[in-house]
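One structure is given below, encoded as structure tokens.
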Amino acid sequence: MQGRMFTVILAFWVMLPLFGVAQRTLSILPVYHSNILSLDSVYTNSTGDTIRIETCKFYISNAILTESLSRKGTHLDDYLLIDVFEPRTWLLGKVDTATFYTELSFNLGIDSVTNNSGALDGALDPSLGMYWTWQSGYINAKLEGISTASTARNNQFQFHLGGYLSPYNALQKVKLNLTNKADIVLLWDIAPFFDKVDIHNNNHTMSPSANAVELSKLLASFFSIQ
Amino acid sequence: MLILCFFCFAGNLLVTQKFPSYFPKPVYALDSASDDQILLGRALFYDPMLSYDNTISCASCHSPYNAFAHTDHDLSHGINDEIGTRNAPALFNLAWQKNLMWDGASNHLDVQALAPITHPGEMNESIGNIIEKLRLKYGYAKLFSNAYGDNEITSKRILKALTAFQLTLISANAKYDRVQKGEEQFTAQEFSGYSLFKTHCNTCHSEPLFTNHSFANNGLAIDATLRDYGRWKVTQRPQDSLLFKVPSLRNLSYTFPYMHDGRFKKLNDVLAHYAAGIIRSETLAPELQQGIKLSSNEKADIIAFLLTLNDQEFIFNPDTKYPLGIGQSKKE
């Protein structure tokens, strides 16, 4: 366990120059247990099924760092599209080195006001594949791949999670405590997803639904501060 | 960034399209786009390049001579003559309409266009590819730079331009409107139809837009092959099963066939439905529980009134027609 954690830290340290070392950064680190997620890896879940992840993207929005004493909040950049397999998208923002923040909060997904705002650009460009075309709304998170557990065609699993209308509003709020002034590394370990979700029966969600909300909650629960 | 755009194009002429004082406040700003943005949107609307094999334009299904509906076809036809599952609605007074599509699946005019463009049976194209094609097509660089200050082509610019054009499709000069303005008078039969209309139809097809923009079950029997449950597909709430958007009743003479699946060809068929064809189900609108009892004279009167909602000026407005010479290659 110790060794694995070390690999993660080492790998991350190697990538630091990408982000510019001089400043304190807030970034995300997507892992399967303690290995950085990779397109080339085959993972095994607790029931012995193999998993290959081919697409894994999600939106982080409205990130706020809260100061310890004043409870003052600092907003980070508005809407970020994280592509787990594109390390340059892992950097969420640069953080003031002097201030002691005690809390990080953000949304996993896109809020309903933005979902109702017509055509947008940048990370919210509807042609990025994170927008449903037959029905208005952003796909908050996309997870696709192949697993021996899946009974679907070619053993695929395909989760397009989103929906902004009640009762199937899939947006998730995440709140985490911070304890020091170091770089903030937001660890996202997706391994439990494949232990908790019965991929045999639940391998395909392409529209807003109760299942999409449940799965979104699950994805949101995988964040922790390293 | 939106707001910025709104202000940098102040000089607009076409967009200051007047609508009558008895119209409600539109949900989209009508003065936010410039003439050049509207012109670009118009060129795009009529350009078959928006489809995969360059054969289908928006106007293929939304013909200007049919108040931008697809007449003669009960269900719309797209690429390779693929048949859709719904009747293409008329396009006018969209500035007052928040939810689009028969089931309200689209929440904004900007993003509505993504549906036909990417649908495999409609235009079967991607925005990315359209951007590539437009870059190469003669005329568009100028249209984009006139509209947006530089000739960069983005999905947002394409979608906003289509919206700008569609917002100019205002139908507000039917006989009904001239009567409202005191310029003309209803005949006795039209007046009788108007009174009956206000009693039986106006709660849903509310004046002056002739829709309250809600969704309702008006008692149509479900089509066994299409099995279209309307609004339910979007919200998945049982109370929304079989609810469809209340359509405007303006321009009916140009927009037949009627209803979401184009099942009725004539207004007579529609009135026969309301009088004696209502199918009861759990979500049937309260107003229609007993059907609407109408004598044949009363039906004729209502139809006479409905015909006063035809807006010829709108149908023949040259400013919304195929834009000759725009976006055409030199050789064509």
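Ordering of the structure tokens sets the chain letters (A, B, ...), residue numbers begin anew at 1 in every chain, and ligands are numbered from 1 in the order given.
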With only C-alpha atoms as the counted atoms, please give the residues lying no more than 8 Å from region 163-178 of chain A, apart from itself and same-chain residues fewer than 2 positions off, as an NGL selection string.
(:A and (101-112 or 115 or 137-140 or 161 or 180 or 207-210 or 212-213 or 216-217 or 220-221 or 224-225)) or (:B and (235))
What are the closest atom pairs, with distances in Å to one decimal, for all residues of region 54-146 of chain A lying within 7 Å of region 115-130 of chain B? Consider only C-alpha atoms, order rows by chain and residue number, and present the result as CSV.
residue,atom,partner,partner_atom,distance
A:Ser127,CA,B:Ile127,CA,6.3
A:Thr133,CA,B:Ala115,CA,4.8
A:Trp134,CA,B:Ala115,CA,4.8
Output file for the selection above: C-alpha atoms, as a compact mmCIF listing (two decimals), in the first residue's frame:
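Result file part38.txt:
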# COMPACT_ATOMS: atom_id res chain seq x y z
CA SER A 127 -20.00 20.37 -30.15
CA THR A 133 -28.57 16.94 -29.11
CA TRP A 134 -32.02 15.36 -29.13
Write out as CSV the residues of region 80-188 of chain B that have any atom within 12 Å of an atom of region 196-219 of chain B, one row each with the nearest atom pair and its distance in Å to one decimal, counting only C-alpha atoms, sorted by chain and then rising number.
residue,atom,partner,partner_atom,distance
B:Phe92,CA,B:Leu209,CA,10.0
B:Asn93,CA,B:Leu209,CA,7.7
B:Leu94,CA,B:Leu209,CA,10.2
B:Ala95,CA,B:Leu209,CA,10.9
B:Trp96,CA,B:Leu209,CA,8.4
B:Gln97,CA,B:His213,CA,6.6
B:Lys98,CA,B:His213,CA,7.8
B:Asn99,CA,B:His213,CA,7.7
B:Leu100,CA,B:His213,CA,9.4
B:Met101,CA,B:Phe215,CA,10.8
B:Trp102,CA,B:Phe215,CA,8.6
B:Asp103,CA,B:Phe215,CA,7.7
B:Gly104,CA,B:Phe215,CA,8.3
B:Ala105,CA,B:Phe215,CA,11.8
B:Ile170,CA,B:Leu209,CA,10.5
B:Ser171,CA,B:Leu209,CA,9.1
B:Ala172,CA,B:Leu209,CA,8.7
B:Asn173,CA,B:Pro208,CA,11.3
B:Ala174,CA,B:Pro208,CA,10.9
B:Tyr176,CA,B:Pro208,CA,9.0
B:Asp177,CA,B:Pro208,CA,8.4
B:Val179,CA,B:Pro208,CA,11.9
B:Gln180,CA,B:Pro208,CA,9.5
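Between chain A and the candidates B:Lys266, B:His108, B:Lys293, B:Lys245, the tightest atom-to-atom separation, counting only C-alpha atoms, involves B:His108.
The residue that comes closest to Gly48 (chain A), out of A:Ser117, A:Thr148, A:Gln158, A:Ser68 and on the basis of only C-alpha atoms, is A:Thr148.
For region 190-202 of chain A, the non-local neighbours within 9 Å, defined as residues at least 6 positions apart in the same chain or in other chains and counting only C-alpha atoms, are A:Pro30, A:Val31, A:Tyr32, A:His33, A:Leu37, A:Tyr43, A:Thr44, A:Asn45, A:Ser46, A:Thr47, A:Asp49, A:Ile51, A:Ser147, A:Thr148, A:Ala149, A:Ser150, A:Thr151, A:Ala152, A:Phe157, A:Asn211, A:Leu215, A:Leu218, A:Leu219, A:Phe222, A:Phe223.
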Residues at most 6 Å from Leu120 (chain A), counting only C-alpha atoms, excluding those fewer than 3 positions away in the same chain, as a list in words?
Leu124 and Asp125 of chain A; Lys156 of chain B
DSSP-assigned helix (DSSP H, G or I) among region 7-162 of chain B, expressed as a ChimeraX atom specification:
/B:7-8,14-16,35-45,48-50,58-61,64-66,79-81,94-96,109-112,114-118,127-136,140-148,155-162
Members of region 9-209 of chain A assigned strand (DSSP E) by DSSP, as a ChimeraX atom specification:
/A:24-32,35-36,43-44,50-67,73-75,79-83,91-95,101-108,139-147,156-162,172-177,184-189,204-205
Pull C-alpha atoms from the residues just selected and write them as a PDB file, in the first residue's frame.
ATOM      1  CA  ARG A  24       0.473  26.468  -5.363  1.00  0.00           C
ATOM      2  CA  THR A  25      -1.890  24.527  -7.559  1.00  0.00           C
ATOM      3  CA  LEU A  26      -5.234  22.861  -7.282  1.00  0.00           C
ATOM      4  CA  SER A  27      -5.412  19.827  -9.490  1.00  0.00           C
ATOM      5  CA  ILE A  28      -7.179  16.586  -9.917  1.00  0.00           C
ATOM      6  CA  LEU A  29      -5.541  13.171  -9.928  1.00  0.00           C
ATOM      7  CA  PRO A  30      -7.660  10.385 -11.411  1.00  0.00           C
ATOM      8  CA  VAL A  31      -6.686   6.919 -10.222  1.00  0.00           C
ATOM      9  CA  TYR A  32      -7.833   3.315 -10.098  1.00  0.00           C
ATOM     10  CA  ASN A  35      -2.558   3.840 -10.157  1.00  0.00           C
ATOM     11  CA  ILE A  36      -3.052   6.820 -12.392  1.00  0.00           C
ATOM     12  CA  TYR A  43      -8.170  -3.159 -14.293  1.00  0.00           C
ATOM     13  CA  THR A  44      -9.728  -5.915 -12.226  1.00  0.00           C
ATOM     14  CA  THR A  50     -11.716  -6.934 -16.076  1.00  0.00           C
ATOM     15  CA  ILE A  51     -12.334  -3.290 -16.919  1.00  0.00           C
ATOM     16  CA  ARG A  52     -10.898  -1.065 -19.643  1.00  0.00           C
ATOM     17  CA  ILE A  53     -11.863   2.575 -19.522  1.00  0.00           C
ATOM     18  CA  GLU A  54     -12.005   4.271 -22.918  1.00  0.00           C
ATOM     19  CA  THR A  55     -13.690   7.585 -22.235  1.00  0.00           C
ATOM     20  CA  CYS A  56     -13.875   9.387 -18.944  1.00  0.00           C
ATOM     21  CA  LYS A  57     -14.774  13.064 -18.938  1.00  0.00           C
ATOM     22  CA  PHE A  58     -16.658  15.267 -16.552  1.00  0.00           C
ATOM     23  CA  TYR A  59     -17.414  18.880 -15.760  1.00  0.00           C
ATOM     24  CA  ILE A  60     -16.235  20.610 -12.611  1.00  0.00           C
ATOM     25  CA  SER A  61     -17.938  23.931 -12.050  1.00  0.00           C
ATOM     26  CA  ASN A  62     -18.279  26.682  -9.513  1.00  0.00           C
ATOM     27  CA  ALA A  63     -15.257  25.658  -7.445  1.00  0.00           C
ATOM     28  CA  ILE A  64     -14.882  27.752  -4.301  1.00  0.00           C
ATOM     29  CA  LEU A  65     -12.082  27.822  -1.730  1.00  0.00           C
ATOM     30  CA  THR A  66     -13.161  29.049   1.683  1.00  0.00           C
ATOM     31  CA  GLU A  67     -10.788  30.787   4.107  1.00  0.00           C
ATOM     32  CA  GLY A  73     -14.914  32.309  -0.537  1.00  0.00           C
ATOM     33  CA  THR A  74     -12.646  32.571  -3.574  1.00  0.00           C
ATOM     34  CA  HIS A  75     -14.109  31.438  -6.885  1.00  0.00           C
ATOM     35  CA  TYR A  79     -16.463  25.691 -16.049  1.00  0.00           C
ATOM     36  CA  LEU A  80     -13.807  23.063 -16.558  1.00  0.00           C
ATOM     37  CA  LEU A  81     -14.064  19.966 -18.684  1.00  0.00           C
ATOM     38  CA  ILE A  82     -11.814  17.280 -17.234  1.00  0.00           C
ATOM     39  CA  ASP A  83     -10.656  14.561 -19.592  1.00  0.00           C
ATOM     40  CA  LEU A  91      -5.146  21.577 -13.411  1.00  0.00           C
ATOM     41  CA  LEU A  92      -8.178  23.224 -11.870  1.00  0.00           C
ATOM     42  CA  GLY A  93      -6.529  26.463 -10.889  1.00  0.00           C
ATOM     43  CA  LYS A  94      -3.736  28.338  -9.167  1.00  0.00           C
ATOM     44  CA  VAL A  95      -4.163  29.169  -5.522  1.00  0.00           C
ATOM     45  CA  TYR A 101      -8.128  27.657   3.037  1.00  0.00           C
ATOM     46  CA  THR A 102     -10.087  25.122   5.015  1.00  0.00           C
ATOM     47  CA  GLU A 103     -12.677  24.030   2.533  1.00  0.00           C
ATOM     48  CA  LEU A 104     -12.982  23.276  -1.153  1.00  0.00           C
ATOM     49  CA  SER A 105     -16.417  22.953  -2.698  1.00  0.00           C
ATOM     50  CA  PHE A 106     -17.445  22.457  -6.308  1.00  0.00           C
ATOM     51  CA  ASN A 107     -20.136  21.006  -8.520  1.00  0.00           C
ATOM     52  CA  LEU A 108     -19.717  17.824 -10.475  1.00  0.00           C
ATOM     53  CA  ILE A 139     -23.797  15.518 -20.095  1.00  0.00           C
ATOM     54  CA  ASN A 140     -22.202  16.107 -16.690  1.00  0.00           C
ATOM     55  CA  ALA A 141     -20.057  12.993 -16.883  1.00  0.00           C
ATOM     56  CA  LYS A 142     -19.265  10.438 -19.539  1.00  0.00           C
ATOM     57  CA  LEU A 143     -17.786   7.047 -18.713  1.00  0.00           C
ATOM     58  CA  GLU A 144     -17.360   4.429 -21.397  1.00  0.00           C
ATOM     59  CA  GLY A 145     -15.364   1.259 -21.785  1.00  0.00           C
ATOM     60  CA  ILE A 146     -15.357  -2.511 -21.883  1.00  0.00           C
ATOM     61  CA  SER A 147     -15.831  -4.994 -19.066  1.00  0.00           C
ATOM     62  CA  GLN A 156     -19.429  -2.350 -23.573  1.00  0.00           C
ATOM     63  CA  PHE A 157     -20.564  -0.069 -20.823  1.00  0.00           C
ATOM     64  CA  GLN A 158     -21.688   3.466 -21.606  1.00  0.00           C
ATOM     65  CA  PHE A 159     -22.779   5.990 -19.031  1.00  0.00           C
ATOM     66  CA  HIS A 160     -23.809   9.477 -20.113  1.00  0.00           C
ATOM     67  CA  LEU A 161     -24.887  11.086 -16.883  1.00  0.00           C
ATOM     68  CA  GLY A 162     -26.757  14.361 -16.762  1.00  0.00           C
ATOM     69  CA  GLN A 172     -23.691  16.881  -7.428  1.00  0.00           C
ATOM     70  CA  LYS A 173     -22.226  19.242  -4.873  1.00  0.00           C
ATOM     71  CA  VAL A 174     -18.906  18.145  -3.380  1.00  0.00           C
ATOM     72  CA  LYS A 175     -17.366  19.632  -0.198  1.00  0.00           C
ATOM     73  CA  LEU A 176     -13.980  18.678   1.180  1.00  0.00           C
ATOM     74  CA  ASN A 177     -11.889  19.882   4.112  1.00  0.00           C
ATOM     75  CA  ILE A 184      -4.137  20.792  -3.302  1.00  0.00           C
ATOM     76  CA  VAL A 185      -4.430  17.433  -4.982  1.00  0.00           C
ATOM     77  CA  LEU A 186      -7.942  16.233  -5.490  1.00  0.00           C
ATOM     78  CA  LEU A 187      -7.716  12.490  -5.692  1.00  0.00           C
ATOM     79  CA  TRP A 188     -10.482  10.799  -7.681  1.00  0.00           C
ATOM     80  CA  ASP A 189     -10.452   7.048  -7.304  1.00  0.00           C
ATOM     81  CA  HIS A 204     -26.064   1.682 -20.286  1.00  0.00           C
ATOM     82  CA  THR A 205     -27.526   5.061 -19.278  1.00  0.00           C
TER      83      THR A 205
END
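From CA of Asp110 (chain B) back to CA of Asp261 (chain B), the distance works out to 24.3 Å.
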Grab the CA of Ala29 (chain B) to CA of Ala59 (chain B) distance for me, in Å with one decimal place.
23.8 Å
Which of these residues is nearest to chain A, using only C-alpha atoms: B:Phe264, B:Trp232, B:Phe23, B:Tyr52?
B:Trp232
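Separating CA of Ile38 (chain B) from CA of Asn87 (chain B) is a distance of 26.1 Å.
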